[in-house]
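J.: If it helps, the file is called upload.csv and holds CSV, C-alpha atoms:
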```csv
chain,number,residue,atom,x,y,z
A,1,MET,CA,114.2,99.5,83.2
A,2,ALA,CA,110.5,99.8,82.7
A,3,SER,CA,108.2,98.6,85.4
A,4,LYS,CA,106.6,95.2,84.8
A,5,THR,CA,103.0,94.2,85.2
A,6,ASN,CA,102.2,90.6,85.9
A,7,PRO,CA,99.6,89.7,83.2
A,8,ALA,CA,98.7,86.5,85.1
A,9,SER,CA,97.4,88.5,88.0
A,10,CYS,CA,95.3,90.9,86.0
A,11,HIS,CA,92.3,90.6,83.7
A,12,PRO,CA,93.3,91.6,80.1
A,13,PHE,CA,92.5,95.2,79.7
A,14,SER,CA,90.0,96.0,77.0
A,15,PHE,CA,90.3,99.6,75.7
A,16,VAL,CA,87.2,99.1,73.7
A,17,GLN,CA,85.2,98.2,76.8
A,18,ALA,CA,86.5,101.1,78.7
A,19,ARG,CA,85.8,103.5,75.9
A,20,THR,CA,82.2,102.2,75.6
A,21,LEU,CA,81.6,102.9,79.3
A,22,ILE,CA,82.5,106.6,78.9
A,23,ALA,CA,81.5,107.3,75.3
A,24,ASP,CA,79.0,110.0,76.1
A,25,LEU,CA,81.4,112.0,78.3
A,26,GLN,CA,83.8,113.1,75.5
A,27,ARG,CA,82.3,116.6,74.8
A,28,PRO,CA,83.7,119.5,76.8
A,29,ASN,CA,81.2,122.0,78.2
A,30,PRO,CA,82.4,125.6,77.4
A,31,TRP,CA,80.2,127.1,80.1
A,32,ILE,CA,82.0,125.1,82.8
A,33,TYR,CA,85.4,126.1,81.4
A,34,TRP,CA,84.5,129.7,81.4
A,35,ALA,CA,82.8,129.9,84.8
A,36,ASP,CA,85.5,127.8,86.5
A,37,PHE,CA,88.4,129.8,85.1
A,38,LEU,CA,86.9,133.3,85.5
A,39,VAL,CA,85.8,132.7,89.1
A,40,SER,CA,89.3,131.2,90.0
A,41,ILE,CA,91.3,134.0,88.4
A,42,ILE,CA,89.2,136.9,89.5
A,43,ILE,CA,89.0,135.9,93.1
A,44,GLY,CA,92.7,135.0,93.0
A,45,HIS,CA,93.5,138.5,91.8
A,46,ILE,CA,91.3,140.0,94.6
A,47,THR,CA,93.0,138.0,97.3
A,48,LEU,CA,96.4,138.8,95.9
A,49,HIS,CA,95.8,142.5,96.1
A,50,ALA,CA,94.2,142.0,99.6
A,51,ILE,CA,97.6,140.7,100.8
A,52,PHE,CA,99.3,143.9,99.4
A,53,TRP,CA,96.8,146.4,100.8
A,54,MET,CA,96.1,144.7,104.2
A,55,HIS,CA,99.4,145.7,105.8
A,56,ARG,CA,99.4,149.2,104.1
A,57,LEU,CA,95.9,150.0,105.6
A,58,TYR,CA,96.0,148.2,108.9
A,59,GLY,CA,99.7,147.5,109.7
A,60,PHE,CA,101.0,144.2,111.0
A,61,GLU,CA,98.4,143.6,113.7
A,62,PRO,CA,98.0,139.9,114.7
A,63,TRP,CA,94.5,139.8,113.1
A,64,SER,CA,95.7,141.4,109.9
A,65,ILE,CA,98.7,139.0,109.7
A,66,ALA,CA,96.1,136.1,110.0
A,67,VAL,CA,94.0,137.6,107.3
A,68,MET,CA,97.0,138.0,105.0
A,69,GLY,CA,98.0,134.4,105.7
A,70,LEU,CA,94.5,133.2,104.8
A,71,CYS,CA,94.5,135.3,101.6
A,72,TYR,CA,97.9,133.9,100.7
A,73,VAL,CA,96.6,130.3,100.9
A,74,VAL,CA,93.4,131.1,99.0
A,75,THR,CA,95.5,133.0,96.3
A,76,VAL,CA,97.9,130.1,95.8
A,77,ILE,CA,95.0,127.5,95.5
A,78,LEU,CA,92.9,129.6,93.1
A,79,TYR,CA,95.9,130.7,91.0
A,80,MET,CA,97.0,127.1,90.8
A,81,ARG,CA,93.5,126.1,89.6
A,82,ALA,CA,93.5,128.9,87.0
A,83,LEU,CA,96.9,128.0,85.8
A,84,MET,CA,96.2,124.3,85.4
A,85,PHE,CA,93.8,125.2,82.5
A,86,ILE,CA,97.0,125.3,80.4
A,87,HIS,CA,96.9,121.5,80.5
A,88,GLU,CA,93.3,121.5,79.2
A,89,LEU,CA,94.3,123.9,76.3
A,90,VAL,CA,96.5,121.2,74.8
A,91,HIS,CA,93.8,118.7,74.7
A,92,LEU,CA,90.8,120.8,73.8
A,93,PRO,CA,89.5,120.8,70.2
A,94,ASP,CA,91.0,123.4,67.9
A,95,LYS,CA,87.5,124.7,67.0
A,96,GLY,CA,85.2,126.2,69.6
A,97,PHE,CA,87.7,127.3,72.2
A,98,THR,CA,89.8,129.9,70.4
A,99,PHE,CA,88.5,132.8,72.4
A,100,PHE,CA,89.0,130.8,75.6
A,101,ARG,CA,92.6,130.2,74.7
A,102,ILE,CA,93.1,134.0,74.1
A,103,ALA,CA,91.3,134.8,77.4
A,104,TRP,CA,93.4,132.4,79.4
A,105,ASN,CA,96.6,133.8,78.0
A,106,GLY,CA,95.4,137.4,78.5
A,107,LEU,CA,94.1,137.0,82.0
A,108,CYS,CA,96.5,134.3,83.4
A,109,GLY,CA,99.3,132.9,81.2
A,110,ILE,CA,101.0,136.2,80.4
A,111,PHE,CA,100.8,137.5,83.9
A,112,PHE,CA,102.4,134.4,85.3
A,113,LEU,CA,105.0,134.1,82.5
A,114,VAL,CA,103.6,130.7,81.4
A,115,PRO,CA,102.1,131.5,78.0
A,116,SER,CA,100.5,128.6,76.4
A,117,PHE,CA,103.3,127.9,73.9
A,118,LEU,CA,105.4,126.6,76.7
A,119,TYR,CA,103.1,123.6,77.1
A,120,TYR,CA,102.7,122.6,73.4
A,121,PRO,CA,105.2,119.7,73.7
A,122,HIS,CA,103.0,118.1,76.4
A,123,VAL,CA,101.6,115.9,73.6
A,124,ASP,CA,104.9,114.0,73.7
A,125,HIS,CA,104.1,112.9,77.2
A,126,HIS,CA,101.0,111.1,75.7
A,127,ARG,CA,102.7,109.4,72.8
A,128,ARG,CA,103.0,105.7,73.8
A,129,LYS,CA,106.4,105.3,72.2
A,130,HIS,CA,107.7,108.4,74.0
A,131,TYR,CA,106.3,108.1,77.5
A,132,GLY,CA,109.1,107.9,80.0
A,133,THR,CA,111.8,108.0,77.4
A,134,GLU,CA,114.3,110.8,76.4
A,135,HIS,CA,111.5,112.1,74.1
A,136,ASP,CA,109.2,112.8,77.1
A,137,GLY,CA,110.1,116.1,78.7
A,138,GLU,CA,107.7,115.5,81.7
A,139,TYR,CA,109.3,112.4,83.1
A,140,LEU,CA,112.3,111.5,85.3
A,141,PRO,CA,113.1,108.1,86.9
A,142,LEU,CA,112.6,109.5,90.4
A,143,ALA,CA,111.9,106.1,91.9
A,144,ASN,CA,115.3,104.8,90.7
A,145,ARG,CA,117.4,107.8,91.9
A,146,GLY,CA,118.2,109.0,95.4
A,147,PRO,CA,115.9,111.1,97.6
A,148,TRP,CA,118.1,114.1,96.8
A,149,MET,CA,116.5,114.3,93.4
A,150,ILE,CA,113.0,114.5,95.0
A,151,VAL,CA,114.2,117.2,97.3
A,152,GLY,CA,115.8,119.1,94.5
A,153,PHE,CA,112.7,118.8,92.3
A,154,ILE,CA,110.7,120.7,95.0
A,155,ALA,CA,113.5,123.1,95.9
A,156,GLN,CA,113.8,124.4,92.3
A,157,ALA,CA,110.6,126.4,93.0
A,158,LEU,CA,112.9,129.0,94.6
A,159,ILE,CA,114.7,129.9,91.4
A,160,LEU,CA,112.1,129.1,88.7
A,161,PRO,CA,110.3,132.5,89.0
A,162,LEU,CA,113.7,134.3,88.5
A,163,LEU,CA,114.5,132.1,85.5
A,164,ALA,CA,111.1,133.0,84.0
A,165,VAL,CA,111.9,136.7,84.4
A,166,LEU,CA,115.3,136.1,82.7
A,167,ARG,CA,113.7,134.1,79.9
A,168,PHE,CA,111.2,136.8,78.9
A,169,LEU,CA,112.9,140.1,80.0
A,170,VAL,CA,116.4,139.4,78.7
A,171,ILE,CA,116.5,136.3,76.5
A,172,SER,CA,113.5,137.1,74.4
A,173,PRO,CA,114.8,140.5,73.3
A,174,LEU,CA,118.1,138.9,72.5
A,175,CYS,CA,116.4,136.5,70.1
A,176,TRP,CA,114.7,139.4,68.4
A,177,ILE,CA,118.0,141.2,67.9
A,178,ALA,CA,120.0,138.0,67.1
A,179,PRO,CA,117.7,135.5,65.4
A,180,LYS,CA,120.5,132.9,65.3
A,181,LEU,CA,119.9,132.4,69.0
A,182,ARG,CA,116.3,131.4,68.4
A,183,PRO,CA,116.9,127.7,67.6
A,184,ILE,CA,118.9,127.2,70.8
A,185,VAL,CA,116.4,129.1,73.0
A,186,HIS,CA,113.4,127.3,71.4
A,187,ARG,CA,114.9,123.8,72.0
A,188,HIS,CA,116.3,124.4,75.5
A,189,MET,CA,114.4,127.3,77.1
A,190,SER,CA,110.9,127.3,75.8
A,191,THR,CA,109.1,124.4,77.5
A,192,MET,CA,107.5,123.6,80.8
A,193,LEU,CA,109.2,120.4,81.7
A,194,VAL,CA,110.3,117.9,84.4
A,195,ASP,CA,113.4,116.6,82.6
A,196,PRO,CA,115.9,119.5,82.1
A,197,THR,CA,117.8,117.5,79.4
A,198,TYR,CA,114.7,117.4,77.1
A,199,GLN,CA,115.1,119.2,73.7
A,200,ARG,CA,112.0,120.6,72.1
A,201,ARG,CA,111.6,119.9,68.4
A,202,ASP,CA,111.5,122.8,65.9
A,203,SER,CA,108.1,124.3,65.3
A,204,SER,CA,106.2,125.4,62.3
A,205,PRO,CA,106.2,129.1,61.2
A,206,LYS,CA,102.7,129.5,62.4
A,207,VAL,CA,103.6,128.3,65.9
A,208,MET,CA,106.7,130.5,65.9
A,209,ARG,CA,104.5,133.6,65.2
A,210,ILE,CA,102.4,132.6,68.3
A,211,VAL,CA,105.6,132.2,70.3
A,212,ILE,CA,107.0,135.6,69.4
A,213,LEU,CA,103.6,137.3,70.0
A,214,GLN,CA,103.4,135.8,73.5
A,215,GLU,CA,107.0,136.7,74.2
A,216,VAL,CA,106.3,140.3,73.3
A,217,LEU,CA,103.3,140.4,75.7
A,218,CYS,CA,105.3,138.8,78.5
A,219,PHE,CA,108.2,141.3,77.9
A,220,ALA,CA,105.7,144.2,78.0
A,221,TRP,CA,104.1,143.0,81.2
A,222,LEU,CA,107.5,142.6,82.9
A,223,VAL,CA,108.6,146.1,81.9
A,224,TRP,CA,105.4,147.5,83.5
A,225,PHE,CA,105.7,145.1,86.5
A,226,PHE,CA,109.2,146.5,87.4
A,227,ILE,CA,108.4,150.2,86.8
A,228,ARG,CA,104.8,150.4,88.2
A,229,GLY,CA,105.9,150.9,91.8
A,230,TYR,CA,107.9,153.9,90.8
A,231,ILE,CA,105.3,155.4,88.6
A,232,MET,CA,102.3,154.7,90.8
A,233,ARG,CA,103.8,155.1,94.3
A,234,ASP,CA,107.3,156.6,93.8
A,235,GLN,CA,108.9,153.5,95.1
A,236,LEU,CA,112.1,152.2,93.6
A,237,ILE,CA,111.7,148.9,95.5
A,238,ASP,CA,108.1,147.8,95.0
A,239,PRO,CA,106.9,145.5,97.9
A,240,PHE,CA,104.5,143.9,95.4
A,241,TRP,CA,107.6,142.2,93.8
A,242,PHE,CA,108.1,140.2,97.0
A,243,ILE,CA,104.5,139.3,97.4
A,244,ALA,CA,104.4,138.1,93.7
A,245,TYR,CA,107.5,136.1,94.2
A,246,SER,CA,106.2,134.4,97.4
A,247,VAL,CA,102.9,133.5,95.7
A,248,GLY,CA,104.8,132.2,92.7
A,249,VAL,CA,107.0,130.0,94.9
A,250,GLY,CA,103.9,128.7,96.7
A,251,ILE,CA,102.2,127.8,93.4
A,252,LEU,CA,105.3,126.0,92.2
A,253,VAL,CA,105.8,124.0,95.4
A,254,LEU,CA,102.2,122.9,95.4
A,255,ASN,CA,102.4,121.9,91.7
A,256,GLU,CA,105.6,120.0,92.1
A,257,VAL,CA,104.3,118.1,95.1
A,258,ARG,CA,101.2,117.3,93.0
A,259,THR,CA,103.5,116.2,90.2
A,260,LEU,CA,105.4,113.8,92.5
A,261,GLY,CA,102.1,112.0,93.0
A,262,ALA,CA,101.0,112.0,89.3
A,263,HIS,CA,103.2,109.0,88.4
A,264,ARG,CA,105.2,106.2,90.1
A,265,TRP,CA,108.3,107.3,88.1
A,266,THR,CA,109.6,103.7,87.8
A,267,ASN,CA,110.7,103.8,84.2
A,268,ASP,CA,114.4,104.3,83.5
A,269,GLY,CA,114.5,105.1,79.9
A,270,GLY,CA,113.1,102.1,77.9
A,271,GLU,CA,109.9,102.0,76.0
A,272,MET,CA,107.0,100.9,78.2
A,273,SER,CA,104.0,98.8,77.4
A,274,PHE,CA,100.5,100.2,77.5
A,275,ALA,CA,99.8,98.3,80.7
A,276,ASP,CA,103.0,99.5,82.4
A,277,GLN,CA,102.3,103.1,81.4
A,278,LEU,CA,98.8,102.9,82.8
A,279,THR,CA,100.0,101.4,86.2
A,280,ASP,CA,102.8,103.9,86.3
A,281,SER,CA,100.2,106.7,86.5
A,282,VAL,CA,98.0,107.4,89.5
A,283,ASN,CA,94.4,108.3,90.3
A,284,PHE,CA,93.4,109.9,93.6
A,285,PRO,CA,89.6,109.3,93.7
A,286,GLU,CA,89.1,109.6,97.5
A,287,ARG,CA,88.6,112.7,99.7
A,288,PRO,CA,87.6,115.0,96.8
A,289,TRP,CA,87.2,117.9,99.3
A,290,ILE,CA,91.0,118.0,99.8
A,291,THR,CA,92.4,116.3,96.6
A,292,GLU,CA,90.6,118.9,94.4
A,293,LEU,CA,92.6,121.6,96.1
A,294,TRP,CA,96.0,120.3,95.3
A,295,GLY,CA,95.0,118.4,92.1
A,296,PRO,CA,92.6,120.7,90.3
A,297,ILE,CA,91.2,120.6,86.8
A,298,GLY,CA,91.2,116.8,86.7
A,299,THR,CA,94.8,116.4,87.6
A,300,ARG,CA,94.0,114.1,90.5
A,301,TYR,CA,92.8,111.5,87.9
A,302,HIS,CA,96.1,111.4,86.1
A,303,ALA,CA,96.0,107.7,85.1
A,304,LEU,CA,92.5,108.1,83.7
A,305,HIS,CA,93.7,111.2,81.8
A,306,HIS,CA,96.5,109.1,80.2
A,307,LEU,CA,93.9,106.5,79.2
A,308,PHE,CA,91.6,109.1,77.6
A,309,PRO,CA,93.6,112.3,77.1
A,310,ARG,CA,90.8,114.2,75.4
A,311,LEU,CA,88.2,113.5,78.1
A,312,PRO,CA,87.2,116.9,79.6
A,313,TYR,CA,88.3,117.5,83.1
A,314,HIS,CA,84.7,118.1,84.4
A,315,ASN,CA,83.7,114.5,83.4
A,316,LEU,CA,86.7,112.7,84.8
A,317,GLY,CA,85.0,112.0,88.2
A,318,GLU,CA,82.0,110.4,86.5
A,319,ALA,CA,84.2,108.5,84.0
A,320,HIS,CA,86.2,107.0,86.9
A,321,ARG,CA,83.1,105.9,88.7
A,322,ARG,CA,81.8,104.1,85.6
A,323,LEU,CA,85.1,102.4,84.9
A,324,THR,CA,85.5,101.3,88.5
A,325,ALA,CA,82.0,99.8,88.4
A,326,GLY,CA,82.1,98.5,84.8
A,327,LEU,CA,85.6,97.0,84.5
A,328,PRO,CA,86.5,93.6,86.0
A,329,ALA,CA,87.6,93.6,89.6
A,330,ASP,CA,91.1,92.4,88.6
A,331,SER,CA,91.5,95.0,85.8
A,332,ILE,CA,94.8,96.8,85.9
A,333,TYR,CA,92.8,100.1,86.0
A,334,HIS,CA,92.1,99.4,89.6
A,335,GLN,CA,95.8,99.3,90.3
A,336,THR,CA,96.1,103.0,89.5
A,337,ASN,CA,94.4,104.2,92.6
A,338,GLU,CA,96.1,105.7,95.7
A,339,VAL,CA,94.5,106.6,98.9
A,340,SER,CA,96.3,110.0,99.4
A,341,LEU,CA,99.1,112.1,98.0
A,342,THR,CA,101.1,111.7,101.1
A,343,ALA,CA,100.9,107.9,100.8
A,344,ALA,CA,102.0,108.1,97.1
A,345,ILE,CA,105.0,110.3,97.9
A,346,ARG,CA,106.0,108.2,100.9
A,347,LYS,CA,106.1,105.1,98.6
A,348,LEU,CA,108.2,107.1,96.1
A,349,TRP,CA,110.6,108.2,98.8
A,350,GLN,CA,111.0,104.6,100.0
A,351,GLN,CA,111.5,103.3,96.5
A,352,SER,CA,114.2,105.9,95.9
A,353,ARG,CA,116.0,105.0,99.1
A,354,ALA,CA,115.8,101.3,98.2
A,355,ALA,CA,117.3,102.1,94.8
A,356,VAL,CA,120.2,103.9,96.4
A,357,ALA,CA,120.7,100.9,98.7
A,358,ARG,CA,120.7,98.5,95.8
A,359,GLN,CA,123.2,100.6,93.9
A,360,SER,CA,125.6,100.7,96.8
A,361,GLN,CA,125.4,97.0,97.2
A,362,THR,CA,126.2,96.3,93.5
A,363,SER,CA,128.9,99.0,93.1
A,364,PRO,CA,132.5,97.6,93.1
A,365,THR,CA,134.4,98.0,96.3
A,366,LYS,CA,137.9,99.2,96.4
A,367,VAL,CA,140.6,96.7,97.4
A,368,PRO,CA,143.2,98.1,99.9
A,369,ALA,CA,146.6,98.4,98.4
```
Can you present the structure in this file as structure tokens?
T.:
Amino acid sequence: MASKTNPASCHPFSFVQARTLIADLQRPNPWIYWADFLVSIIIGHITLHAIFWMHRLYGFEPWSIAVMGLCYVVTVILYMRALMFIHELVHLPDKGFTFFRIAWNGLCGIFFLVPSFLYYPHVDHHRRKHYGTEHDGEYLPLANRGPWMIVGFIAQALILPLLAVLRFLVISPLCWIAPKLRPIVHRHMSTMLVDPTYQRRDSSPKVMRIVILQEVLCFAWLVWFFIRGYIMRDQLIDPFWFIAYSVGVGILVLNEVRTLGAHRWTNDGGEMSFADQLTDSVNFPERPWITELWGPIGTRYHALHHLFPRLPYHNLGEAHRRLTAGLPADSIYHQTNEVSLTAAIRKLWQQSRAAVARQSQTSPTKVPA
């Protein structure tokens, strides 16, 4: 069942009023995109290789272990920031950012096995008739299921890097050899998603050319990734594999914890009203010095993003301040705020436990024979 908002307790939301308040913030600034992305990915690459070379040059001294730990944290945070630009690519205008899309894939997406075609279906998450339904691949009714689903959602980070390798090193070539496999792979194995039952719709020939090109690049990178240790250092088992895997898991865990706080996850399949969709999404405007680390590139303003999907990430903070000041005090927009990620996840956990308790109370009991 969809969550219900009590209209009597809220001022009627005016989309026109909200749009007027942020009308001059709609244009993305390419310089900000380029500078933010390049600084994040370049420093991330440096700290990643620092992890690898530190123990080779200085051994496992206490101070070098501490430096490697610090480099690991910085690498995960910066790579997470660079990767989250994939979300912006979906919403950026088609014109004016072509080279940025190419650069993002070339410097980030291909290396992390998350080429941009995996995220094209994200637009379904923003269709008002699709949000929270079976047509939305980025939604699960986590608040109405047991806590085990929340735990499993985070724990899957341990196997997702291996599945990505399987997808591009094995399954992609199979699709090239046996094209009849392509429809199955495209529908079930070609999307970044939350709901594993989601089926991607068939794409146009133009999109499929992009898909195949990006698959080829990912395949070529993986071949080099697995032979580079032997060619460069005469090592059959490359220690860099384990560093890359641990960093990948760290990024995935951080992103999945962030995702848990992006929504309240209360919908259980039915179509939701605009008000319910808005209040089912969450903003984290407080403590920007920490929230920006786990919710980069505007993802900490997720409710605002659902309200105005094309608003560039670098203007979300200003837009939120204007809406907070300009909308009525009892506007439903103010219900989207949470104090912290831990508070939001704690509420989600409590709701999921309460849902299990309700289900156990309503389930039929067996009568002794």
J.: Which one is closest to Thr279 (chain A): A:Ile43, A:Pro121, A:Phe13, A:Leu113? Count all atoms listed in the file.
T.: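 Of A:Ile43, A:Pro121, A:Phe13, A:Leu113, the one nearest Thr279 (chain A), counting all atoms listed in the file, is A:Phe13.
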J.: Rounded to one decimal place, report the CA of Asn283 (chain A)-CA of Phe308 (chain A) distance in Å.
T.: 13.0 Å
J.: Calculated over all atoms listed in the file, which of the candidates A:Met208, A:Arg310, A:Ile150, A:Thr197 has the smallest distance to Arg346 (chain A)?
T.: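 Of A:Met208, A:Arg310, A:Ile150, A:Thr197, the one nearest Arg346 (chain A), counting all atoms listed in the file, is A:Ile150.
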J.: Report, in Å to a single decimal, how far apart CA of Ile297 (chain A) and CA of Leu327 (chain A) are.
T.: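 Straight-line distance from CA of Leu327 (chain A) to CA of Ile297 (chain A) works out to 24.4 Å.
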J.: I'd like the contact shell of His334 (chain A) - 7 Å cut-off, all atoms listed in the file, skipping same-chain residues fewer than 3 positions apart - returned as an MDAnalysis selection string.
T.: chainID A and resid 324 331 337
J.: Identify, on the basis of all atoms listed in the file, every residue whose closest approach to Trp349 (chain A) does not exceed 8 Å; exclude the query and any residue fewer than 2 positions from it along the same chain; express the result as an mmCIF file with C-alpha atoms, in the coordinates of the input.
T.:
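Printed below is selection.cif as written:
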```cif
data_model
loop_
_atom_site.group_PDB
_atom_site.id
_atom_site.type_symbol
_atom_site.label_atom_id
_atom_site.label_comp_id
_atom_site.auth_asym_id
_atom_site.auth_seq_id
_atom_site.Cartn_x
_atom_site.Cartn_y
_atom_site.Cartn_z
ATOM 1 C CA ALA A 143 111.900 106.100 91.900
ATOM 2 C CA PRO A 147 115.900 111.100 97.600
ATOM 3 C CA ILE A 150 113.000 114.500 95.000
ATOM 4 C CA ILE A 345 105.000 110.300 97.900
ATOM 5 C CA ARG A 346 106.000 108.200 100.900
ATOM 6 C CA LYS A 347 106.100 105.100 98.600
ATOM 7 C CA GLN A 351 111.500 103.300 96.500
ATOM 8 C CA SER A 352 114.200 105.900 95.900
ATOM 9 C CA ARG A 353 116.000 105.000 99.100
#
```
